[in-house]
$ cat protein_20.csv   # CSV, C-alpha atoms
chain,number,residue,atom,x,y,z
N,1,MET,CA,-13.1,-10.8,8.9
N,2,TYR,CA,-9.6,-9.6,8.0
N,3,SER,CA,-7.4,-12.5,6.9
N,4,THR,CA,-3.6,-12.4,7.3
N,5,PRO,CA,-1.9,-11.8,4.0
N,6,PHE,CA,0.3,-14.8,3.2
N,7,SER,CA,2.3,-16.0,0.2
N,8,PRO,CA,2.8,-19.8,0.1
N,9,ALA,CA,5.4,-19.5,-2.6
N,10,GLU,CA,7.4,-17.0,-0.6
N,11,ALA,CA,7.2,-19.1,2.5
N,12,ARG,CA,8.5,-22.1,0.6
N,13,SER,CA,11.4,-20.0,-0.8
N,14,ALA,CA,12.2,-18.6,2.6
N,15,ARG,CA,12.4,-22.1,4.1
N,16,ALA,CA,14.6,-23.3,1.3
N,17,ARG,CA,17.0,-20.4,1.8
N,18,VAL,CA,17.6,-21.3,5.4
N,19,GLY,CA,17.7,-25.1,4.6
N,20,LEU,CA,15.1,-26.2,7.1
N,21,SER,CA,12.6,-29.0,6.8
N,22,THR,CA,9.0,-28.5,7.7
N,23,ALA,CA,9.6,-30.6,10.8
N,24,GLN,CA,12.5,-28.4,11.8
N,25,VAL,CA,10.4,-25.3,11.3
N,26,ALA,CA,7.6,-26.7,13.4
N,27,GLN,CA,10.0,-27.7,16.1
N,28,ALA,CA,11.5,-24.2,16.2
N,29,MET,CA,8.1,-22.5,16.2
N,30,THR,CA,7.0,-24.7,19.1
N,31,ALA,CA,10.1,-23.8,21.0
N,32,CYS,CA,9.3,-20.1,20.4
N,33,GLY,CA,5.9,-20.6,22.0
N,34,ALA,CA,3.8,-21.1,18.9
N,35,PRO,CA,3.2,-24.9,18.8
N,36,VAL,CA,2.5,-26.3,15.3
N,37,ARG,CA,2.8,-29.6,13.5
N,38,PRO,CA,4.8,-30.1,10.3
N,39,GLU,CA,1.5,-30.9,8.5
N,40,LEU,CA,0.4,-27.3,9.3
N,41,ILE,CA,3.6,-25.8,7.8
N,42,GLU,CA,3.0,-27.9,4.7
N,43,ALA,CA,-0.7,-26.7,4.5
N,44,TRP,CA,0.6,-23.1,4.7
N,45,GLU,CA,3.1,-23.6,1.9
N,46,TYR,CA,0.5,-25.2,-0.4
N,47,GLY,CA,-2.1,-22.6,0.3
N,48,THR,CA,-4.8,-24.7,1.9
N,49,GLN,CA,-4.5,-22.8,5.2
N,50,ALA,CA,-3.0,-19.6,6.3
N,51,PRO,CA,-1.2,-18.7,9.5
N,52,THR,CA,-2.6,-16.4,12.1
N,53,GLU,CA,-0.8,-13.1,12.8
N,54,SER,CA,1.0,-14.4,15.8
N,55,GLN,CA,2.1,-17.5,13.8
N,56,LEU,CA,3.2,-15.3,10.9
N,57,PHE,CA,5.4,-13.3,13.3
N,58,VAL,CA,7.1,-16.4,14.8
N,59,LEU,CA,7.5,-18.0,11.3
N,60,ALA,CA,9.3,-14.9,10.1
N,61,ASP,CA,11.7,-15.1,13.1
N,62,VAL,CA,12.3,-18.8,12.5
N,63,LEU,CA,13.0,-18.3,8.8
N,64,TRP,CA,15.1,-15.2,9.4
N,65,CYS,CA,13.1,-12.9,7.1
N,66,PRO,CA,10.8,-9.9,7.6
N,67,PRO,CA,7.1,-10.5,7.8
N,68,THR,CA,6.6,-8.7,4.5
N,69,ALA,CA,8.6,-11.4,2.7
N,70,LEU,CA,6.0,-14.0,3.8
N,71,MET,CA,3.0,-11.7,3.4
N,72,GLY,CA,3.8,-11.3,-0.3
N,73,VAL,CA,2.4,-7.7,-0.5
N,74,GLU,CA,3.7,-4.2,-0.2
N,75,PRO,CA,2.1,-2.8,2.9
N,76,ARG,CA,-0.7,-0.4,2.1
N,77,THR,CA,-3.3,-0.7,4.8
N,78,LEU,CA,-3.0,-0.1,8.5
N,79,ALA,CA,-3.2,-3.8,9.2
N,80,GLU,CA,-0.4,-4.6,6.7
N,81,HIS,CA,1.9,-1.8,8.0
N,82,ARG,CA,1.3,-3.0,11.6
N,83,MET,CA,2.1,-6.7,10.7
N,84,ALA,CA,5.2,-5.6,8.8
N,85,ARG,CA,6.4,-4.2,12.1
N,86,GLN,CA,5.4,-7.4,14.0
N,87,LEU,CA,3.0,-5.5,16.2
N,88,SER,CA,-0.2,-6.8,17.7
N,89,VAL,CA,-3.3,-4.6,17.8
N,90,GLU,CA,-2.9,-4.2,21.5
N,91,ARG,CA,0.8,-3.3,21.4
N,92,LEU,CA,0.4,-0.7,18.6
N,93,ALA,CA,-2.6,0.8,20.4
N,94,GLN,CA,-0.5,1.1,23.6
N,95,LEU,CA,2.4,2.8,21.6
N,96,ILE,CA,0.1,5.4,20.1
N,97,GLY,CA,-2.0,6.0,23.2
N,98,MET,CA,-5.3,4.8,21.8
N,99,ASP,CA,-7.9,2.4,23.2
N,100,PRO,CA,-7.4,-1.0,21.4
N,101,ALA,CA,-11.0,-1.2,20.4
N,102,VAL,CA,-10.9,2.3,18.8
N,103,TYR,CA,-7.7,1.4,16.9
N,104,TRP,CA,-9.2,-1.9,15.8
N,105,ALA,CA,-12.3,-0.1,14.5
N,106,ALA,CA,-10.0,2.2,12.4
N,107,GLU,CA,-8.1,-0.7,11.1
N,108,SER,CA,-11.2,-2.6,10.2
N,109,ALA,CA,-12.6,0.4,8.4
N,110,GLN,CA,-9.2,0.9,6.7
N,111,GLN,CA,-9.4,4.6,7.6
N,112,TRP,CA,-7.3,6.3,10.2
N,113,ASN,CA,-8.9,9.1,12.2
N,114,GLY,CA,-6.6,9.6,15.2
N,115,ASP,CA,-5.7,13.1,16.5
N,116,TYR,CA,-2.5,14.9,15.8
N,117,ARG,CA,-0.6,13.3,18.7
N,118,GLN,CA,-1.8,9.8,17.9
N,119,THR,CA,-1.0,10.3,14.2
N,120,LYS,CA,2.5,11.4,15.0
N,121,ALA,CA,2.9,8.3,17.2
N,122,LEU,CA,1.5,6.1,14.5
N,123,VAL,CA,4.0,7.5,12.0
N,124,GLU,CA,6.9,6.8,14.3
N,125,ALA,CA,5.7,3.3,15.3
N,126,LEU,CA,5.1,2.2,11.7
N,127,GLY,CA,7.8,4.2,10.0
N,128,LEU,CA,5.3,5.8,7.6
N,129,SER,CA,6.2,8.3,4.9
N,130,LEU,CA,3.8,11.0,3.8
N,131,ARG,CA,2.7,8.8,0.9
N,132,LYS,CA,2.0,5.9,3.1
N,133,LEU,CA,0.2,8.0,5.7
N,134,ILE,CA,-2.2,9.4,3.1
N,135,GLY,CA,-3.0,5.9,2.2
N,136,VAL,CA,-3.7,4.6,5.7
N,137,MET,CA,-5.8,7.7,6.4
N,138,GLY,CA,-8.1,6.4,3.7
N,139,HIS,CA,-7.6,9.3,1.3
N,140,ASN,CA,-6.4,7.4,-1.8
N,141,GLU,CA,-9.8,7.1,-3.3
N,142,GLU,CA,-10.5,10.8,-2.9
N,143,LEU,CA,-7.1,11.7,-4.2
N,144,ALA,CA,-7.7,9.4,-7.3
N,145,GLY,CA,-10.9,11.2,-8.0
N,146,HIS,CA,-9.2,14.6,-8.1
N,147,LEU,CA,-6.4,13.2,-10.2
N,148,ARG,CA,-9.0,11.8,-12.7
N,149,SER,CA,-10.6,15.2,-13.0
N,150,ALA,CA,-7.2,16.8,-13.4
N,151,ILE,CA,-5.9,14.7,-16.3
N,152,ASP,CA,-9.2,14.7,-18.1
N,153,GLY,CA,-10.1,18.4,-17.7
N,154,ARG,CA,-8.6,21.6,-16.2
N,155,TRP,CA,-5.8,20.4,-14.0
N,156,LYS,CA,-5.3,23.8,-12.4
N,157,ALA,CA,-8.7,23.5,-10.8
N,158,GLN,CA,-7.6,20.5,-8.8
N,159,VAL,CA,-4.4,21.9,-7.4
N,160,GLY,CA,-5.9,23.3,-4.2
N,161,ALA,CA,-7.9,20.2,-3.3
N,162,ILE,CA,-4.9,17.9,-3.8
N,163,ALA,CA,-2.6,20.1,-1.9
N,164,LYS,CA,-5.0,20.1,1.0
N,165,ILE,CA,-5.3,16.3,1.0
N,166,THR,CA,-1.6,15.7,0.7
N,167,THR,CA,-0.2,18.7,2.6
N,168,LEU,CA,2.2,19.3,-0.3
N,169,ASN,CA,2.9,22.8,-1.5
N,170,LYS,CA,0.9,23.9,-4.6
N,171,THR,CA,3.9,24.3,-6.8
N,172,ARG,CA,5.0,20.7,-6.4
N,173,VAL,CA,1.4,19.5,-6.9
N,174,SER,CA,1.1,21.8,-10.0
N,175,ASP,CA,4.2,20.3,-11.6
N,176,ALA,CA,3.0,16.8,-11.1
N,177,LEU,CA,-0.5,17.5,-12.5
N,178,ARG,CA,0.8,19.3,-15.5
N,179,THR,CA,2.9,16.2,-16.4
N,180,MET,CA,0.1,13.8,-15.8
N,181,HIS,CA,-2.3,15.9,-17.9
N,182,ALA,CA,0.2,15.8,-20.8
N,183,GLU,CA,0.8,12.1,-20.4
N,184,PHE,CA,-2.9,11.3,-20.5
N,185,ALA,CA,-3.5,13.6,-23.5
N,186,GLU,CA,-1.0,11.6,-25.4
N,187,PHE,CA,-3.1,8.5,-25.1
N,188,SER,CA,-6.1,10.3,-26.7
N,189,GLU,CA,-3.9,11.7,-29.5
N,190,ARG,CA,-2.5,8.2,-30.3
N,191,TYR,CA,-5.9,6.6,-30.1
N,192,MET,CA,-7.5,9.2,-32.5
N,193,GLY,CA,-4.5,8.9,-34.8
N,194,HIS,CA,-5.1,5.2,-35.2
N,195,VAL,CA,-8.8,5.8,-35.7
N,196,VAL,CA,-8.2,8.4,-38.5
N,197,ALA,CA,-5.6,6.2,-40.1
N,198,ARG,CA,-8.0,3.2,-39.9
N,199,ASN,CA,-5.4,1.0,-38.3
N,200,ASP,CA,-6.4,-2.5,-37.2
N,201,ASP,CA,-8.3,-3.1,-34.0
N,202,SER,CA,-5.2,-4.7,-32.3
N,203,ARG,CA,-3.4,-1.3,-32.2
N,204,LEU,CA,-6.5,0.5,-30.9
N,205,LYS,CA,-6.9,-2.2,-28.2
N,206,GLU,CA,-3.2,-1.8,-27.3
N,207,VAL,CA,-3.6,1.9,-26.7
N,208,ALA,CA,-6.8,1.5,-24.8
N,209,ALA,CA,-5.2,-1.1,-22.6
N,210,GLU,CA,-2.3,1.3,-21.8
N,211,ARG,CA,-4.8,4.0,-21.0
N,212,SER,CA,-6.7,1.7,-18.6
N,213,ALA,CA,-3.4,0.7,-16.9
N,214,TYR,CA,-2.5,4.4,-16.5
N,215,LEU,CA,-5.9,5.1,-14.9
N,216,ARG,CA,-5.5,2.2,-12.5
N,217,ARG,CA,-2.2,3.5,-11.1
N,218,LEU,CA,-3.0,7.2,-11.0
N,219,VAL,CA,-2.2,7.6,-7.3
N,220,ASP,CA,1.1,5.8,-7.7
N,221,ARG,CA,2.0,7.9,-10.7
N,222,PHE,CA,1.3,11.0,-8.8
N,223,TRP,CA,3.6,10.0,-5.9
N,224,ASP,CA,6.3,8.9,-8.4
N,225,LEU,CA,6.3,12.4,-9.8
N,226,ILE,CA,6.3,14.0,-6.3
N,227,GLY,CA,9.5,12.0,-5.5
N,228,ASP,CA,11.4,12.5,-2.3
N,229,ALA,CA,8.7,14.7,-0.6
N,230,GLY,CA,6.3,11.8,-0.7
N,231,GLU,CA,8.8,9.4,0.7
N,232,ALA,CA,9.9,11.6,3.6
N,233,PRO,CA,8.3,11.5,7.1
N,234,PRO,CA,5.2,13.7,7.1
N,235,PHE,CA,5.7,15.8,10.2
N,236,ASN,CA,5.5,18.6,11.0
N,237,SER,CA,2.8,18.9,8.3
N,238,VAL,CA,0.3,16.2,9.1
N,239,PRO,CA,-3.3,17.2,8.6
N,240,THR,CA,-5.5,16.9,11.6
N,241,HIS,CA,-9.1,15.7,11.9
$ encode --input "protein_20.csv" --output "structure tokens"
Amino acid sequence: MYSTPFSPAEARSARARVGLSTAQVAQAMTACGAPVRPELIEAWEYGTQAPTESQLFVLADVLWCPPTALMGVEPRTLAEHRMARQLSVERLAQLIGMDPAVYWAAESAQQWNGDYRQTKALVEALGLSLRKLIGVMGHNEELAGHLRSAIDGRWKAQVGAIAKITTLNKTRVSDALRTMHAEFAEFSERYMGHVVARNDDSRLKEVAAERSAYLRRLVDRFWDLIGDAGEAPPFNSVPTH
């Protein structure tokens, strides 16, 4: 079952910023229709329990902060983007014209499969950029696979597939892949240079660690290179299913 993302440390910091005691937070939440006891607030802040979605939304209002501050994560999944906007499953489903059960299934699978109209409504309701939409559509793993092939082989062969996934023009994709291919090649050159020079293992491990870190954030690096086009709203170029 999906658990509400929550950062005890951020919750403590947020409460300290507004100068409220746990008793005052509990009192305010109860007045807002979410009855809790001070002991529960303390349990949240020490990580022994976590609030429900509805409790998270009320707590954010009481502490005068966005839900993402308490969630402690940068929204990536459908559920996280929805919670960042303080929307329930039922309310978001209503906004996008989708049966709540169908929406919930998509959220649980972490893969969006709505039609064009529903996708456009989702983008508007959640304020999604192209980069974020590709993520909630469940395409990041597929994109990462093509990026791995591009940096470790013939990057030109991956341009068409990546352009299709992202709806970006091929020139922009080509520029990003060319750069990533060169960056990754540098790791190999540095590694082999240390091998030939018979440098100590610590230097080899350092380069290998950098290479691994680069591979872990391939998708993020791609979007960093794409720049403004990835951060812009995706319409009118959203792919349909």
$ atom_distance --input "protein_20.csv" --atom1 "atom CA of Ala161 of chain N" --atom2 "atom CA of Glu189 of chain N"
27.8 Å
$ residues_around --input "protein_20.csv" --residues "Val89 of chain N" --least-positions-apart "4" --cutoff "12 Å" --atoms "all atoms listed in the file" --output "list in words"
Glu53, Ser54, Leu78, Ala79, Glu80, His81, Arg82, Met83, Arg85, Ala93, Gln94, Leu95, Ile96, Gly97, Met98, Asp99, Pro100, Ala101, Val102, Tyr103, Trp104, Ala105, Ala106, Glu107 and Ser108 of chain N
$ atom_distance --input "protein_20.csv" --atom1 "atom CA of Gln111 of chain N" --atom2 "atom CA of Ala229 of chain N"
22.3 Å
$ residues_around --input "protein_20.csv" --residues "segment 40-45 of chain N" --least-positions-apart "4" --cutoff "7 Å" --atoms "all atoms listed in the file" --output "list in words"
Pro8, Ala9, Ala11, Arg12, Thr22, Ala26, Val36, Gln49, Ala50 and Pro51 of chain N
$ residues_around --input "protein_20.csv" --residues "Leu225 of chain N" --least-positions-apart "3" --cutoff "10 Å" --atoms "only C-alpha atoms" --output "compact mmCIF listing (two decimals) with C-alpha atoms, in the coordinates of the input"
# COMPACT_ATOMS: atom_id res chain seq x y z
CA ARG N 172 5.00 20.70 -6.40
CA VAL N 173 1.40 19.50 -6.90
CA ASP N 175 4.20 20.30 -11.60
CA ALA N 176 3.00 16.80 -11.10
CA LEU N 177 -0.50 17.50 -12.50
CA THR N 179 2.90 16.20 -16.40
CA MET N 180 0.10 13.80 -15.80
CA ASP N 220 1.10 5.80 -7.70
CA ARG N 221 2.00 7.90 -10.70
CA PHE N 222 1.30 11.00 -8.80
CA ASP N 228 11.40 12.50 -2.30
CA ALA N 229 8.70 14.70 -0.60
CA GLY N 230 6.30 11.80 -0.70
$ closest_residue --input "protein_20.csv" --among "N:Ala182, N:Ala144, N:Ala163, N:Leu92" --to "Arg216 of chain N" --atoms "all atoms listed in the file"
N:Ala144
$ residues_around --input "protein_20.csv" --residues "segment 138-142 of chain N" --least-positions-apart "3" --cutoff "7 Å" --atoms "all atoms listed in the file" --output "list of chain:residue names"
N:Gln110, N:Gln111, N:Trp112, N:Ile134, N:Gly135, N:Gly145, N:His146, N:Val219
$ closest_residue --input "protein_20.csv" --among "N:Ala14, N:Leu147, N:Leu126, N:Leu87" --to "Ala69 of chain N" --atoms "only C-alpha atoms"
N:Ala14
$ closest_residue --input "protein_20.csv" --among "N:Arg131, N:Arg15, N:Arg76, N:Arg211" --to "Ile165 of chain N" --atoms "only C-alpha atoms"
N:Arg131
$ residues_around --input "protein_20.csv" --residues "Pro234 of chain N" --least-positions-apart "5" --cutoff "9 Å" --atoms "all atoms listed in the file" --output "number ranges by chain"
N: 120, 123, 128-131, 133, 167, 229
$ closest_residue --input "protein_20.csv" --among "N:Trp64, N:Phe57, N:Tyr116, N:Phe6" --to "Val18 of chain N" --atoms "all atoms listed in the file"
N:Trp64
$ build_atoms --input "protein_20.csv" --residues "segment 42-72 of chain N" --atoms "N, CA and C atoms" --output "compact mmCIF listing (two decimals), keeping the file's coordinate frame"
# COMPACT_ATOMS: atom_id res chain seq x y z
N GLU N 42 3.16 -27.44 6.07
CA GLU N 42 3.00 -27.90 4.70
C GLU N 42 1.66 -27.28 4.13
N ALA N 43 0.62 -27.23 4.95
CA ALA N 43 -0.70 -26.70 4.50
C ALA N 43 -0.49 -25.18 4.18
N TRP N 44 0.31 -24.47 4.98
CA TRP N 44 0.60 -23.10 4.70
C TRP N 44 1.27 -22.92 3.34
N GLU N 45 2.28 -23.77 3.13
CA GLU N 45 3.10 -23.60 1.90
C GLU N 45 2.36 -24.05 0.66
N TYR N 46 1.30 -24.80 0.81
CA TYR N 46 0.50 -25.20 -0.40
C TYR N 46 -0.79 -24.42 -0.48
N GLY N 47 -0.99 -23.46 0.43
CA GLY N 47 -2.10 -22.60 0.30
C GLY N 47 -3.45 -23.08 0.75
N THR N 48 -3.48 -24.22 1.41
CA THR N 48 -4.80 -24.70 1.90
C THR N 48 -5.18 -24.14 3.21
N GLN N 49 -4.22 -23.57 3.94
CA GLN N 49 -4.50 -22.80 5.20
C GLN N 49 -3.53 -21.66 5.24
N ALA N 50 -3.83 -20.72 6.12
CA ALA N 50 -3.00 -19.60 6.30
C ALA N 50 -2.67 -19.38 7.78
N PRO N 51 -1.48 -18.91 8.13
CA PRO N 51 -1.20 -18.70 9.50
C PRO N 51 -1.92 -17.53 10.14
N THR N 52 -2.06 -17.55 11.44
CA THR N 52 -2.60 -16.40 12.10
C THR N 52 -1.50 -15.32 12.20
N GLU N 53 -1.85 -14.14 12.65
CA GLU N 53 -0.80 -13.10 12.80
C GLU N 53 0.31 -13.51 13.66
N SER N 54 -0.01 -14.04 14.84
CA SER N 54 1.00 -14.40 15.80
C SER N 54 1.91 -15.54 15.19
N GLN N 55 1.30 -16.46 14.47
CA GLN N 55 2.10 -17.50 13.80
C GLN N 55 2.96 -16.96 12.72
N LEU N 56 2.44 -15.98 11.99
CA LEU N 56 3.20 -15.30 10.90
C LEU N 56 4.48 -14.68 11.52
N PHE N 57 4.32 -13.99 12.65
CA PHE N 57 5.40 -13.30 13.30
C PHE N 57 6.53 -14.30 13.70
N VAL N 58 6.10 -15.40 14.31
CA VAL N 58 7.10 -16.40 14.80
C VAL N 58 7.71 -17.10 13.57
N LEU N 59 6.93 -17.39 12.54
CA LEU N 59 7.50 -18.00 11.30
C LEU N 59 8.55 -17.15 10.71
N ALA N 60 8.29 -15.84 10.65
CA ALA N 60 9.30 -14.90 10.10
C ALA N 60 10.58 -14.95 10.89
N ASP N 61 10.47 -15.01 12.22
CA ASP N 61 11.70 -15.10 13.10
C ASP N 61 12.43 -16.38 12.81
N VAL N 62 11.71 -17.48 12.72
CA VAL N 62 12.30 -18.80 12.50
C VAL N 62 13.03 -18.86 11.15
N LEU N 63 12.43 -18.23 10.14
CA LEU N 63 13.00 -18.30 8.80
C LEU N 63 13.94 -17.11 8.50
N TRP N 64 14.20 -16.29 9.51
CA TRP N 64 15.10 -15.20 9.40
C TRP N 64 14.78 -14.26 8.22
N CYS N 65 13.53 -13.84 8.19
CA CYS N 65 13.10 -12.90 7.10
C CYS N 65 12.07 -11.97 7.71
N PRO N 66 11.87 -10.82 7.07
CA PRO N 66 10.80 -9.90 7.60
C PRO N 66 9.46 -10.44 7.26
N PRO N 67 8.46 -10.07 8.05
CA PRO N 67 7.10 -10.50 7.80
C PRO N 67 6.61 -10.22 6.38
N THR N 68 7.04 -9.07 5.84
CA THR N 68 6.60 -8.70 4.50
C THR N 68 7.00 -9.70 3.44
N ALA N 69 8.13 -10.37 3.66
CA ALA N 69 8.60 -11.40 2.70
C ALA N 69 7.57 -12.53 2.63
N LEU N 70 6.99 -12.88 3.77
CA LEU N 70 6.00 -14.00 3.80
C LEU N 70 4.61 -13.48 3.46
N MET N 71 4.34 -12.21 3.70
CA MET N 71 3.00 -11.70 3.40
C MET N 71 2.81 -11.58 1.87
N GLY N 72 3.89 -11.36 1.14
CA GLY N 72 3.80 -11.30 -0.30
C GLY N 72 3.12 -10.05 -0.85
